[in-house]
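Engineer: Just model_38.txt, nothing more (compact mmCIF, C-alpha atoms and all ligand atoms):
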# COMPACT_ATOMS: atom_id res chain seq x y z
CA MET E 1 -9.23 13.83 20.72
CA LYS E 2 -8.65 15.63 23.98
CA VAL E 3 -11.61 16.71 26.09
CA LEU E 4 -11.84 18.95 29.15
CA VAL E 5 -14.72 18.34 31.56
CA ILE E 6 -15.59 21.27 33.85
CA GLY E 7 -16.93 20.32 37.27
CA GLN E 8 -16.21 18.11 40.22
CA GLY E 9 -19.25 16.06 41.17
CA GLY E 10 -20.84 12.73 40.39
CA ARG E 11 -22.28 13.97 37.09
CA GLU E 12 -18.81 14.93 35.91
CA HIS E 13 -17.30 11.60 37.00
CA ALA E 14 -20.08 9.82 35.06
CA LEU E 15 -19.21 11.93 32.01
CA VAL E 16 -15.50 11.17 32.41
CA LYS E 17 -16.23 7.46 32.72
CA ALA E 18 -18.43 7.44 29.62
CA LEU E 19 -15.84 9.41 27.63
CA SER E 20 -13.12 6.99 28.77
CA ARG E 21 -14.95 4.25 26.84
CA SER E 22 -14.97 6.32 23.66
CA PRO E 23 -12.56 5.15 20.93
CA SER E 24 -12.04 8.69 19.65
CA ILE E 25 -10.96 10.12 23.02
CA THR E 26 -7.25 9.91 23.75
CA GLU E 27 -6.99 12.21 26.77
CA ILE E 28 -9.51 13.33 29.38
CA HIS E 29 -8.82 16.39 31.49
CA ALA E 30 -11.00 17.70 34.30
CA ALA E 31 -11.11 21.10 36.00
CA PRO E 32 -11.02 20.69 38.88
CA GLY E 33 -12.32 17.10 38.82
CA ASN E 34 -12.23 14.98 41.95
CA ASP E 35 -9.95 12.38 43.53
CA GLY E 36 -12.24 9.54 42.44
CA MET E 37 -11.96 10.31 38.73
CA SER E 38 -8.16 10.48 38.68
CA ARG E 39 -7.99 6.93 37.31
CA GLU E 40 -9.66 8.10 34.11
CA ALA E 41 -8.85 11.81 33.92
CA LEU E 42 -6.00 14.21 34.53
CA CYS E 43 -7.35 16.62 37.14
CA HIS E 44 -6.18 20.23 37.19
CA PRO E 45 -6.74 22.77 39.99
CA LEU E 46 -8.27 25.28 37.56
CA ASP E 47 -11.11 27.58 38.58
CA TRP E 48 -13.69 28.08 35.81
CA LYS E 49 -14.14 31.68 36.98
CA ASP E 50 -10.60 32.42 35.78
CA THR E 51 -11.52 32.40 32.09
CA GLU E 52 -8.12 33.57 30.85
CA LYS E 53 -6.31 30.78 32.66
CA LEU E 54 -8.85 28.24 31.43
CA ILE E 55 -8.53 29.40 27.81
CA GLY E 56 -4.73 29.41 28.13
CA PHE E 57 -4.92 25.81 29.35
CA CYS E 58 -7.23 24.77 26.48
CA LEU E 59 -4.97 26.32 23.86
CA ARG E 60 -1.70 25.02 25.37
CA THR E 61 -3.07 21.52 25.86
CA GLU E 62 -4.78 21.53 22.45
CA ILE E 63 -8.15 20.59 23.92
CA ASP E 64 -10.55 19.59 21.11
CA PHE E 65 -13.69 20.40 23.06
CA VAL E 66 -14.89 21.37 26.53
CA PHE E 67 -17.89 19.80 28.27
CA ILE E 68 -19.36 22.08 30.94
CA GLY E 69 -21.08 19.94 33.58
CA PRO E 70 -22.71 22.24 36.18
CA GLU E 71 -25.22 25.05 35.82
CA ASP E 72 -23.29 27.89 37.51
CA PRO E 73 -20.63 28.34 34.79
CA LEU E 74 -23.31 28.07 32.08
CA VAL E 75 -25.51 30.70 33.70
CA ASP E 76 -22.42 32.87 34.13
CA GLY E 77 -21.72 32.69 30.38
CA LEU E 78 -18.61 30.49 30.36
CA ALA E 79 -19.69 28.62 27.19
CA GLU E 80 -19.99 31.91 25.34
CA ARG E 81 -16.64 33.21 26.57
CA LEU E 82 -14.92 30.01 25.41
CA ARG E 83 -16.72 30.04 22.04
CA ASP E 84 -15.75 33.66 21.48
CA ARG E 85 -12.13 32.54 21.72
CA GLY E 86 -12.54 29.65 19.30
CA VAL E 87 -12.90 26.80 21.82
CA LEU E 88 -15.56 24.20 20.99
CA VAL E 89 -18.00 23.69 23.85
CA VAL E 90 -20.91 21.44 24.83
CA GLY E 91 -23.28 23.70 26.77
CA PRO E 92 -25.60 26.60 25.92
CA ASN E 93 -24.58 30.24 25.79
CA ARG E 94 -25.65 32.58 28.62
CA GLU E 95 -29.05 33.45 27.15
CA GLY E 96 -29.94 29.77 26.67
CA ALA E 97 -28.78 28.95 30.19
CA ARG E 98 -31.31 31.51 31.51
CA LEU E 99 -33.87 28.75 31.01
CA GLU E 100 -32.33 27.32 34.17
CA GLY E 101 -30.84 30.46 35.72
CA SER E 102 -34.11 32.37 35.93
CA LYS E 103 -37.31 30.53 36.78
CA ILE E 104 -39.28 33.60 35.68
CA PHE E 105 -37.56 33.69 32.28
CA ALA E 106 -38.23 29.95 31.92
CA LYS E 107 -41.91 30.28 32.80
CA THR E 108 -42.37 33.16 30.36
CA PHE E 109 -40.61 31.06 27.72
CA MET E 110 -42.96 28.12 28.42
CA GLU E 111 -45.96 30.40 28.04
CA GLU E 112 -44.64 31.75 24.74
CA ALA E 113 -43.84 28.22 23.49
CA GLY E 114 -47.32 27.08 24.50
CA VAL E 115 -46.08 24.13 26.54
CA PRO E 116 -48.27 23.00 29.45
CA THR E 117 -47.12 24.24 32.85
CA ALA E 118 -48.73 25.24 36.16
CA ALA E 119 -50.50 28.60 36.52
CA PHE E 120 -48.18 31.19 38.07
CA ALA E 121 -47.64 34.75 39.27
CA VAL E 122 -44.38 36.69 39.59
CA VAL E 123 -43.88 37.95 43.17
CA ASP E 124 -41.23 40.13 44.81
CA SER E 125 -42.56 41.02 48.26
CA VAL E 126 -44.72 39.57 51.01
CA GLY E 127 -47.45 42.01 49.95
CA SER E 128 -47.39 40.75 46.36
CA VAL E 129 -47.63 37.16 47.63
CA ARG E 130 -50.66 38.07 49.78
CA GLU E 131 -52.32 39.59 46.73
CA ALA E 132 -51.45 36.81 44.28
CA MET E 133 -52.28 33.89 46.56
CA MET E 134 -56.00 34.60 46.15
CA LYS E 135 -55.73 33.19 42.62
CA PHE E 136 -54.42 29.81 43.86
CA THR E 137 -55.53 27.06 46.19
CA PRO E 138 -53.25 25.32 48.70
CA PRO E 139 -50.78 23.72 48.58
CA TYR E 140 -48.77 26.55 47.03
CA VAL E 141 -45.38 26.38 45.37
CA LEU E 142 -42.94 29.27 45.87
CA LYS E 143 -39.84 29.14 43.65
CA ALA E 144 -36.90 31.51 43.99
CA ASP E 145 -36.06 33.00 40.59
CA GLY E 146 -32.31 32.41 40.63
CA LEU E 147 -29.97 29.45 41.15
CA ALA E 148 -30.21 28.18 44.71
CA ALA E 149 -28.39 24.81 44.63
CA GLY E 150 -31.65 22.88 44.96
CA LYS E 151 -32.80 24.93 47.98
CA GLY E 152 -35.09 27.39 46.19
CA VAL E 153 -38.40 25.49 45.92
CA PHE E 154 -40.91 25.56 48.77
CA ILE E 155 -44.13 23.56 48.84
CA CYS E 156 -46.40 25.28 51.34
CA LYS E 157 -49.49 23.51 52.66
CA THR E 158 -51.06 26.61 54.23
CA THR E 159 -51.14 30.36 53.67
CA ASP E 160 -49.24 30.83 56.98
CA GLU E 161 -46.45 28.64 55.68
CA LEU E 162 -46.43 30.51 52.37
CA ILE E 163 -46.15 33.88 54.11
CA ALA E 164 -43.35 32.53 56.33
CA ARG E 165 -41.35 31.34 53.28
CA ALA E 166 -42.04 34.64 51.46
CA THR E 167 -40.76 36.51 54.54
CA ASP E 168 -37.60 34.36 54.46
CA LEU E 169 -36.99 35.17 50.81
CA PHE E 170 -37.97 38.82 50.56
CA GLU E 171 -37.31 40.19 54.04
CA LYS E 172 -34.72 37.91 55.67
CA LYS E 173 -33.05 37.45 52.24
CA THR E 174 -32.15 33.84 53.06
CA LEU E 175 -31.22 33.11 49.43
CA GLY E 176 -29.70 36.53 48.71
CA ALA E 177 -30.10 37.82 45.15
CA ALA E 178 -31.47 34.43 43.97
CA GLY E 179 -34.59 35.10 46.04
CA GLU E 180 -35.22 38.76 45.18
CA ARG E 181 -38.02 37.65 42.88
CA ALA E 182 -39.94 34.40 42.81
CA LEU E 183 -42.72 32.46 41.16
CA LEU E 184 -45.88 31.59 43.01
CA GLU E 185 -47.36 28.52 41.37
CA GLN E 186 -50.31 26.25 41.65
CA PHE E 187 -49.18 22.88 43.08
CA GLN E 188 -49.89 20.01 40.69
CA PRO E 189 -50.19 16.46 42.01
CA GLY E 190 -48.70 13.69 39.90
CA TRP E 191 -45.45 11.82 39.37
CA GLU E 192 -42.16 13.17 38.13
CA MET E 193 -39.70 12.16 35.47
CA SER E 194 -36.49 13.56 34.06
CA TYR E 195 -36.74 13.95 30.29
CA LEU E 196 -33.40 14.88 28.76
CA VAL E 197 -32.61 15.64 25.15
CA LEU E 198 -29.37 16.36 23.36
CA THR E 199 -29.91 19.31 21.06
CA ASN E 200 -28.03 21.62 18.73
CA GLY E 201 -30.77 24.23 19.04
CA HIS E 202 -32.96 22.99 16.20
CA GLU E 203 -32.70 19.18 16.08
CA TRP E 204 -32.82 16.92 19.10
CA LYS E 205 -32.44 13.33 20.21
CA SER E 206 -34.25 12.20 23.33
CA LEU E 207 -32.27 10.18 25.86
CA PRO E 208 -33.56 7.27 27.95
CA ILE E 209 -36.03 8.65 30.50
CA ALA E 210 -34.74 8.69 34.07
CA GLN E 211 -36.44 8.97 37.42
CA ASP E 212 -34.81 10.63 40.38
CA HIS E 213 -35.69 9.96 44.05
CA LYS E 214 -35.39 13.34 45.71
CA ARG E 215 -36.51 12.58 49.26
CA LEU E 216 -33.98 11.36 51.80
CA ARG E 217 -35.82 8.30 53.04
CA ASP E 218 -37.58 5.27 51.58
CA ASP E 219 -41.14 5.66 50.29
CA ASP E 220 -40.44 9.32 49.46
CA GLU E 221 -40.33 10.43 53.09
CA GLY E 222 -38.04 12.98 54.69
CA PRO E 223 -36.50 16.21 53.42
CA ASN E 224 -35.69 17.00 49.82
CA THR E 225 -32.13 16.32 48.68
CA GLY E 226 -30.12 16.76 45.50
CA GLY E 227 -31.20 13.20 44.58
CA MET E 228 -30.76 9.92 46.46
CA GLY E 229 -30.87 7.60 43.47
CA THR E 230 -32.01 7.17 39.90
CA VAL E 231 -33.25 4.53 37.51
CA ALA E 232 -33.32 4.36 33.70
CA PRO E 233 -34.91 3.69 31.36
CA LEU E 234 -38.28 4.55 32.77
CA GLU E 235 -40.63 2.68 30.49
CA ILE E 236 -43.75 4.69 29.78
CA ASP E 237 -46.82 4.34 27.60
CA PRO E 238 -45.79 5.19 23.99
CA ALA E 239 -48.80 7.53 23.75
CA LEU E 240 -47.48 9.53 26.71
CA ARG E 241 -44.02 9.70 25.15
CA GLU E 242 -45.57 10.96 21.93
CA ARG E 243 -47.45 13.69 23.83
CA ILE E 244 -44.26 14.76 25.59
CA GLU E 245 -42.39 14.98 22.29
CA LYS E 246 -45.19 16.80 20.48
CA GLU E 247 -46.57 19.09 23.18
CA ILE E 248 -43.39 19.84 25.11
CA VAL E 249 -40.06 19.01 23.45
CA ALA E 250 -40.90 20.14 19.90
CA PRO E 251 -42.33 23.58 20.86
CA SER E 252 -39.49 24.17 23.35
CA ILE E 253 -36.79 23.50 20.74
CA ARG E 254 -38.73 25.47 18.12
CA LEU E 255 -38.74 28.53 20.36
CA ILE E 256 -35.04 28.09 21.18
CA GLU E 257 -34.46 28.19 17.42
CA GLN E 258 -36.81 31.14 16.81
CA LYS E 259 -35.06 33.14 19.51
CA GLY E 260 -31.70 32.33 17.93
CA LEU E 261 -30.29 30.91 21.17
CA VAL E 262 -26.93 29.15 20.84
CA PHE E 263 -27.87 25.89 22.49
CA ARG E 264 -25.54 22.98 21.87
CA GLY E 265 -25.94 20.69 24.81
CA VAL E 266 -28.55 19.13 27.04
CA LEU E 267 -32.07 20.37 27.67
CA PHE E 268 -33.27 18.60 30.82
CA ILE E 269 -37.05 18.92 31.15
CA GLY E 270 -38.40 18.22 34.62
CA LEU E 271 -41.89 16.85 34.02
CA MET E 272 -44.87 16.25 36.25
CA ILE E 273 -47.33 13.73 34.87
CA THR E 274 -50.70 14.91 36.12
CA GLU E 275 -54.16 13.50 35.57
CA ASN E 276 -54.45 15.93 32.66
CA GLY E 277 -51.18 14.85 31.07
CA PRO E 278 -47.55 15.99 31.17
CA THR E 279 -46.63 19.49 32.35
CA VAL E 280 -43.26 21.18 32.70
CA LEU E 281 -41.97 21.80 36.21
CA GLU E 282 -38.65 23.30 35.13
CA TYR E 283 -35.95 23.36 32.51
CA ASN E 284 -32.34 22.65 33.32
CA THR E 285 -29.69 23.32 30.72
CA ARG E 286 -27.23 20.58 31.63
CA PHE E 287 -27.16 16.89 32.48
CA GLY E 288 -28.84 15.90 35.76
CA ASP E 289 -27.10 14.59 38.83
CA PRO E 290 -27.64 11.67 39.49
CA GLU E 291 -29.53 11.15 36.20
CA THR E 292 -26.29 11.19 34.17
CA GLN E 293 -25.02 8.20 36.14
CA VAL E 294 -27.87 6.03 34.78
CA ILE E 295 -28.39 7.58 31.33
CA LEU E 296 -24.86 7.55 29.91
CA PRO E 297 -24.23 3.80 30.38
CA LEU E 298 -27.29 3.15 28.21
CA LEU E 299 -25.95 5.08 25.21
CA ASP E 300 -24.27 3.05 22.51
CA GLY E 301 -21.73 4.52 20.14
CA ASP E 302 -18.71 6.76 20.24
CA LEU E 303 -19.83 9.38 22.75
CA GLY E 304 -16.63 11.39 22.30
CA ARG E 305 -17.59 11.86 18.66
CA VAL E 306 -21.25 12.54 19.50
CA PHE E 307 -20.31 15.32 21.94
CA HIS E 308 -17.55 16.75 19.74
CA GLU E 309 -19.95 17.01 16.80
CA LEU E 310 -22.58 18.54 19.10
CA ALA E 311 -20.05 21.19 20.12
CA ARG E 312 -19.75 21.93 16.38
CA GLY E 313 -23.52 22.19 16.08
CA ARG E 314 -24.11 18.80 14.47
CA MET E 315 -26.18 15.92 15.70
CA VAL E 316 -24.84 12.46 14.92
CA PRO E 317 -26.89 9.32 15.51
CA PHE E 318 -26.17 6.94 18.35
CA GLY E 319 -27.89 3.81 19.59
CA LEU E 320 -29.35 2.73 22.90
CA ARG E 321 -28.29 -0.39 24.77
CA ARG E 322 -31.13 -2.67 25.78
CA MET E 323 -30.14 -2.57 29.42
CA HIS E 324 -31.32 -1.11 32.70
CA SER E 325 -29.34 0.95 35.16
CA VAL E 326 -29.77 1.93 38.78
CA CYS E 327 -27.71 4.39 40.82
CA VAL E 328 -27.90 4.34 44.63
CA VAL E 329 -26.50 7.47 46.25
CA LEU E 330 -24.46 6.98 49.43
CA ALA E 331 -24.57 10.19 51.42
CA ALA E 332 -22.73 11.61 54.41
CA ASP E 333 -24.02 11.55 57.97
CA GLY E 334 -26.18 14.66 58.47
CA TYR E 335 -27.01 15.03 54.75
CA PRO E 336 -28.79 17.12 53.49
CA GLU E 337 -28.96 19.61 56.41
CA SER E 338 -25.36 19.54 57.60
CA PRO E 339 -23.19 16.81 56.08
CA VAL E 340 -20.33 15.63 58.30
CA LYS E 341 -17.03 15.76 56.43
CA GLY E 342 -13.79 13.93 57.13
CA THR E 343 -15.32 10.57 58.15
CA PRO E 344 -13.05 7.69 57.03
CA ILE E 345 -14.49 5.39 54.36
CA GLU E 346 -14.01 1.65 54.85
CA GLY E 347 -14.29 -0.93 52.09
CA ASP E 348 -13.11 -1.39 48.55
CA LEU E 349 -13.70 1.70 46.43
CA GLY E 350 -11.60 0.21 43.64
CA ALA E 351 -14.03 -2.70 43.20
CA GLU E 352 -15.32 -2.36 39.67
CA SER E 353 -16.74 -4.48 36.87
CA ALA E 354 -18.48 -3.68 33.58
CA THR E 355 -21.85 -3.84 35.37
CA ALA E 356 -21.11 -2.45 38.84
CA TYR E 357 -18.92 0.45 39.90
CA PHE E 358 -18.69 3.61 41.99
CA ILE E 359 -19.11 7.13 40.72
CA HIS E 360 -17.36 9.58 43.03
CA ALA E 361 -19.14 12.77 44.04
CA GLY E 362 -17.71 13.83 47.40
CA THR E 363 -14.67 11.74 48.33
CA LYS E 364 -11.10 12.66 49.23
CA LYS E 365 -8.00 10.49 49.00
CA SER E 366 -5.12 11.16 51.39
CA PRO E 367 -1.51 10.85 50.20
CA ASP E 368 -1.33 7.43 51.91
CA GLY E 369 -4.29 6.19 49.87
CA ARG E 370 -7.05 6.40 52.47
CA TRP E 371 -10.48 7.68 51.47
CA SER E 372 -12.71 9.97 53.46
CA VAL E 373 -16.06 11.75 53.11
CA GLN E 374 -15.73 15.18 51.51
CA GLY E 375 -19.26 16.19 50.47
CA GLY E 376 -22.96 15.58 51.08
CA ARG E 377 -23.46 13.05 48.32
CA VAL E 378 -20.34 10.93 48.54
CA LEU E 379 -20.62 8.03 46.09
CA GLY E 380 -23.06 6.68 43.55
CA ALA E 381 -23.17 2.88 43.36
CA VAL E 382 -24.14 2.08 39.78
CA GLY E 383 -25.48 -1.29 38.67
CA LEU E 384 -26.38 -2.39 35.16
CA GLY E 385 -28.41 -5.42 34.13
CA SER E 386 -30.69 -6.89 31.55
CA SER E 387 -33.67 -6.12 33.81
CA ARG E 388 -34.40 -3.45 36.41
CA GLU E 389 -34.19 -6.09 39.12
CA GLU E 390 -30.77 -7.28 37.98
CA ALA E 391 -29.48 -3.69 37.80
CA ARG E 392 -30.87 -2.98 41.25
CA GLU E 393 -29.22 -6.07 42.75
CA SER E 394 -25.89 -5.07 41.21
CA ALA E 395 -26.18 -1.50 42.48
CA TYR E 396 -26.99 -2.57 46.04
CA ALA E 397 -24.23 -5.23 46.04
CA GLN E 398 -21.83 -2.46 44.96
CA ALA E 399 -23.21 -0.07 47.59
CA ALA E 400 -22.39 -2.62 50.31
CA LYS E 401 -18.69 -2.30 49.41
CA ALA E 402 -18.35 1.19 50.93
CA ARG E 403 -19.12 1.95 54.56
CA TRP E 404 -18.73 4.87 56.93
CA GLN E 405 -20.21 6.05 60.15
CA GLY E 406 -23.67 7.52 59.74
CA GLN E 407 -23.92 6.71 56.00
CA ARG E 408 -27.33 7.62 54.60
CA ARG E 409 -28.89 5.77 51.72
CA ARG E 410 -32.28 4.65 50.54
CA GLY E 411 -33.16 0.97 50.27
CA ASP E 412 -35.91 1.28 47.69
CA ILE E 413 -34.21 2.71 44.60
CA GLY E 414 -35.50 0.75 41.61
CA ALA E 415 -37.88 -1.29 43.76
CA LYS E 416 -41.12 0.00 42.21
N1 LIG V 1 -31.39 15.47 39.79
C1 LIG V 1 -31.91 16.73 39.57
C2 LIG V 1 -30.99 17.71 38.96
O1 LIG V 1 -29.92 17.38 38.50
O2 LIG V 1 -31.34 18.89 38.91
Starting from the coordinates I provided, produce the structure as structure tokens.
Ligand code: GLY
Structural biologist:
Amino acid sequence: MKVLVIGQGGREHALVKALSRSPSITEIHAAPGNDGMSREALCHPLDWKDTEKLIGFCLRTEIDFVFIGPEDPLVDGLAERLRDRGVLVVGPNREGARLEGSKIFAKTFMEEAGVPTAAFAVVDSVGSVREAMMKFTPPYVLKADGLAAGKGVFICKTTDELIARATDLFEKKTLGAAGERALLEQFQPGWEMSYLVLTNGHEWKSLPIAQDHKRLRDDDEGPNTGGMGTVAPLEIDPALRERIEKEIVAPSIRLIEQKGLVFRGVLFIGLMITENGPTVLEYNTRFGDPETQVILPLLDGDLGRVFHELARGRMVPFGLRRMHSVCVVLAADGYPESPVKGTPIEGDLGAESATAYFIHAGTKKSPDGRWSVQGGRVLGAVGLGSSREEARESAYAQAAKARWQGQRRRGDIGAK
């Protein structure tokens, strides 16, 4: 089978790598892909926004199914446009993707589904924030309604800070249309996990639980980032897992089905485990980045077939490998505020074994074969092992093989 992966980051390289191990996949294409995945995929300079060109490519190349990696094309309705033209797709239609594309839609959906989530108010002006904040106690959470590339959530310790962030959103319009409306939420202390399920909109299969490390520096210090590293599987109390399945996953999928949403893909549930149990922070409607880098290597079976059948609306069983995985993100100097691009990368990016390798997120290869930094998150060093410790050692040994000036990385991924 031939597959086309849409996207260009680390998540998409992890997908390409997993599909390259699938016996039923004969050709992997990526649009646009990145230089680091060109060993496994044929990369094409196609823009997903040009639907006609993309469909023309799929038909000409006889693509069996398309896997849409990032949220923007899903929220824009690309899956639906492809389906309307007879192309099989992994990814929800536009209405399903609103679970990620509109935080207000998602929160209303959670309320209707009866899944636990923080108390909230919808706000659209500084005045409405002043009025609504009386119902909450600090710290406050202000979340822009629309997609904001990870920059739309503000945790405010004081009312002054909350009003300043509300002024940014509603008066200075710092996030444009994405910040025209927002959610004001009660902050909930606890610990986070990434709970992902594959679903066809009525059945689901839960994937190994992953944990992301969002802060830039060790011990969860420093600014928020897109994710500095992940571990999987996160082993949790079976009773907690049962609660998550029963109180959160089941009612969410049931409501997706009741609403008739075309949802063949990944529902990524961001959970906060509070002293009162699990609550939903957010839904995403795609694989996580860098969660994908640690989840996919733990899946056993022909993933090409699993995803192709999912695109047709069918769930097929697959196994889980009894292994652990760790991904350490290597980021550019200046990340996340202002990543420095163009820095030469020293080391051996081709170094690869079955249990240690690089996933490329933001690299560029020059015609003479030299690599340089091209994005904020540059590489993911992935390590696998029979224990968390072994996986962590592998990942850090791999990470040491790539160096550049000002490289940022955490030293404590998988340490706890
Ligand atoms: N790692 C978080 C996300 O993909 O949204």
Engineer: Which residues of chain E have any atom within 10 Å of an atom in ligand LIG 1 (chain V) when counting only C-alpha atoms and all ligand atoms, and what is the closest pair of atoms for each, with the distance in Å to one decimal? Order the rows by chain and rising number and write it as a Markdown table.
Structural biologist:
| residue | atom | partner | partner_atom | distance |
| --- | --- | --- | --- | --- |
| E:Arg11 | CA | V:LIG1 | O1 | 8.5 |
| E:Pro70 | CA | V:LIG1 | O1 | 9.0 |
| E:Glu71 | CA | V:LIG1 | O2 | 9.2 |
| E:Glu100 | CA | V:LIG1 | O2 | 9.7 |
| E:Ala149 | CA | V:LIG1 | O2 | 8.7 |
| E:Gly150 | CA | V:LIG1 | O2 | 7.3 |
| E:Met193 | CA | V:LIG1 | C1 | 9.9 |
| E:Ser194 | CA | V:LIG1 | C1 | 7.8 |
| E:Ala210 | CA | V:LIG1 | N1 | 9.5 |
| E:Gln211 | CA | V:LIG1 | N1 | 8.6 |
| E:Asp212 | CA | V:LIG1 | N1 | 6.0 |
| E:His213 | CA | V:LIG1 | N1 | 8.2 |
| E:Lys214 | CA | V:LIG1 | N1 | 7.5 |
| E:Thr225 | CA | V:LIG1 | N1 | 9.0 |
| E:Gly226 | CA | V:LIG1 | N1 | 6.0 |
| E:Gly227 | CA | V:LIG1 | N1 | 5.3 |
| E:Met228 | CA | V:LIG1 | N1 | 8.7 |
| E:Gly229 | CA | V:LIG1 | N1 | 8.7 |
| E:Thr230 | CA | V:LIG1 | N1 | 8.3 |
| E:Phe268 | CA | V:LIG1 | O2 | 8.3 |
| E:Ile269 | CA | V:LIG1 | O2 | 9.6 |
| E:Gly270 | CA | V:LIG1 | O2 | 8.3 |
| E:Glu282 | CA | V:LIG1 | O2 | 9.3 |
| E:Tyr283 | CA | V:LIG1 | O2 | 9.1 |
| E:Asn284 | CA | V:LIG1 | O2 | 6.8 |
| E:Thr285 | CA | V:LIG1 | O2 | 9.5 |
| E:Arg286 | CA | V:LIG1 | O1 | 8.0 |
| E:Phe287 | CA | V:LIG1 | O1 | 6.6 |
| E:Gly288 | CA | V:LIG1 | O1 | 3.3 |
| E:Asp289 | CA | V:LIG1 | O1 | 4.0 |
| E:Pro290 | CA | V:LIG1 | N1 | 5.3 |
| E:Glu291 | CA | V:LIG1 | N1 | 5.9 |
| E:Thr292 | CA | V:LIG1 | O1 | 8.4 |
Engineer: In the coordinate frame of the file, compute which residues have an atom within 10 Å of (-14.0, 6.2, 30.5) when using all atoms listed in the file, and state them as a PDB file with C-alpha atoms, in the coordinates of the input.
Structural biologist:
ATOM      1  CA  HIS E  13     -17.300  11.600  37.000  1.00  0.00           C
ATOM      2  CA  ALA E  14     -20.080   9.820  35.060  1.00  0.00           C
ATOM      3  CA  LEU E  15     -19.210  11.930  32.010  1.00  0.00           C
ATOM      4  CA  VAL E  16     -15.500  11.170  32.410  1.00  0.00           C
ATOM      5  CA  LYS E  17     -16.230   7.460  32.720  1.00  0.00           C
ATOM      6  CA  ALA E  18     -18.430   7.440  29.620  1.00  0.00           C
ATOM      7  CA  LEU E  19     -15.840   9.410  27.630  1.00  0.00           C
ATOM      8  CA  SER E  20     -13.120   6.990  28.770  1.00  0.00           C
ATOM      9  CA  ARG E  21     -14.950   4.250  26.840  1.00  0.00           C
ATOM     10  CA  SER E  22     -14.970   6.320  23.660  1.00  0.00           C
ATOM     11  CA  PRO E  23     -12.560   5.150  20.930  1.00  0.00           C
ATOM     12  CA  ILE E  25     -10.960  10.120  23.020  1.00  0.00           C
ATOM     13  CA  GLU E  27      -6.990  12.210  26.770  1.00  0.00           C
ATOM     14  CA  ILE E  28      -9.510  13.330  29.380  1.00  0.00           C
ATOM     15  CA  MET E  37     -11.960  10.310  38.730  1.00  0.00           C
ATOM     16  CA  ARG E  39      -7.990   6.930  37.310  1.00  0.00           C
ATOM     17  CA  GLU E  40      -9.660   8.100  34.110  1.00  0.00           C
ATOM     18  CA  ALA E  41      -8.850  11.810  33.920  1.00  0.00           C
TER      19      ALA E  41
END
Engineer: What does the structure give for the distance between atom CA of Thr51 of chain E and atom CA of Lys259 of chain E, in Å to one decimal?
Structural biologist: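 Distance between the two atoms: 26.7 Å.
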Engineer: My list of candidates is E:Glu346, E:Asp333, E:Glu185, E:Glu235. Which is closest to Ser387 of chain E when distances are computed with all atoms listed in the file?
Structural biologist: E:Glu235
Engineer: What's the separation between atom CA of Ala144 of chain E and atom CA of Arg254 of chain E, in Å to one decimal place?
Structural biologist: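 Atom-to-atom, atom CA of Ala144 of chain E to atom CA of Arg254 of chain E, that is 26.6 Å.
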Engineer: Using all atoms listed in the file, which protein or nucleic acid residues come within 6 Å of segment 311-327 of chain E? Drop anything in the same chain fewer than 4 positions from it, and give the result as an mmCIF file with C-alpha atoms, keeping the file's coordinate frame.
Structural biologist:
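The result, stored in result11.cif:
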data_model
loop_
_atom_site.group_PDB
_atom_site.id
_atom_site.type_symbol
_atom_site.label_atom_id
_atom_site.label_comp_id
_atom_site.auth_asym_id
_atom_site.auth_seq_id
_atom_site.Cartn_x
_atom_site.Cartn_y
_atom_site.Cartn_z
ATOM 1 C CA LEU E 88 -15.560 24.200 20.990
ATOM 2 C CA VAL E 89 -18.000 23.690 23.850
ATOM 3 C CA VAL E 90 -20.910 21.440 24.830
ATOM 4 C CA ASN E 200 -28.030 21.620 18.730
ATOM 5 C CA GLY E 229 -30.870 7.600 43.470
ATOM 6 C CA THR E 230 -32.010 7.170 39.900
ATOM 7 C CA VAL E 231 -33.250 4.530 37.510
ATOM 8 C CA ALA E 232 -33.320 4.360 33.700
ATOM 9 C CA VAL E 294 -27.870 6.030 34.780
ATOM 10 C CA LEU E 298 -27.290 3.150 28.210
ATOM 11 C CA LEU E 299 -25.950 5.080 25.210
ATOM 12 C CA ASP E 300 -24.270 3.050 22.510
ATOM 13 C CA GLY E 301 -21.730 4.520 20.140
ATOM 14 C CA VAL E 306 -21.250 12.540 19.500
ATOM 15 C CA GLY E 380 -23.060 6.680 43.550
ATOM 16 C CA ALA E 381 -23.170 2.880 43.360
ATOM 17 C CA VAL E 382 -24.140 2.080 39.780
ATOM 18 C CA GLY E 383 -25.480 -1.290 38.670
ATOM 19 C CA LEU E 384 -26.380 -2.390 35.160
ATOM 20 C CA GLY E 385 -28.410 -5.420 34.130
ATOM 21 C CA SER E 386 -30.690 -6.890 31.550
ATOM 22 C CA SER E 387 -33.670 -6.120 33.810
ATOM 23 C CA ARG E 388 -34.400 -3.450 36.410
ATOM 24 C CA ALA E 391 -29.480 -3.690 37.800
ATOM 25 C CA ARG E 392 -30.870 -2.980 41.250
#
Engineer: Under the rule that all atoms listed in the file are counted, which of E:Ser372, E:Ala166, E:Pro233, E:Gly350 is the nearest residue to Arg130 of chain E?
Structural biologist: E:Ala166
Engineer: Which is closer to Ser38 of chain E than all the others in E:Asp219, E:Asp50, E:Glu12, E:Asp237, using all atoms listed in the file?
Structural biologist: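 Using all atoms listed in the file, the shortest distance to Ser38 of chain E belongs to E:Glu12.
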Engineer: What is the atom CA of Gly277 of chain E-atom CA of Gly190 of chain E distance in Å, reported with one decimal?
Structural biologist: 9.2 Å
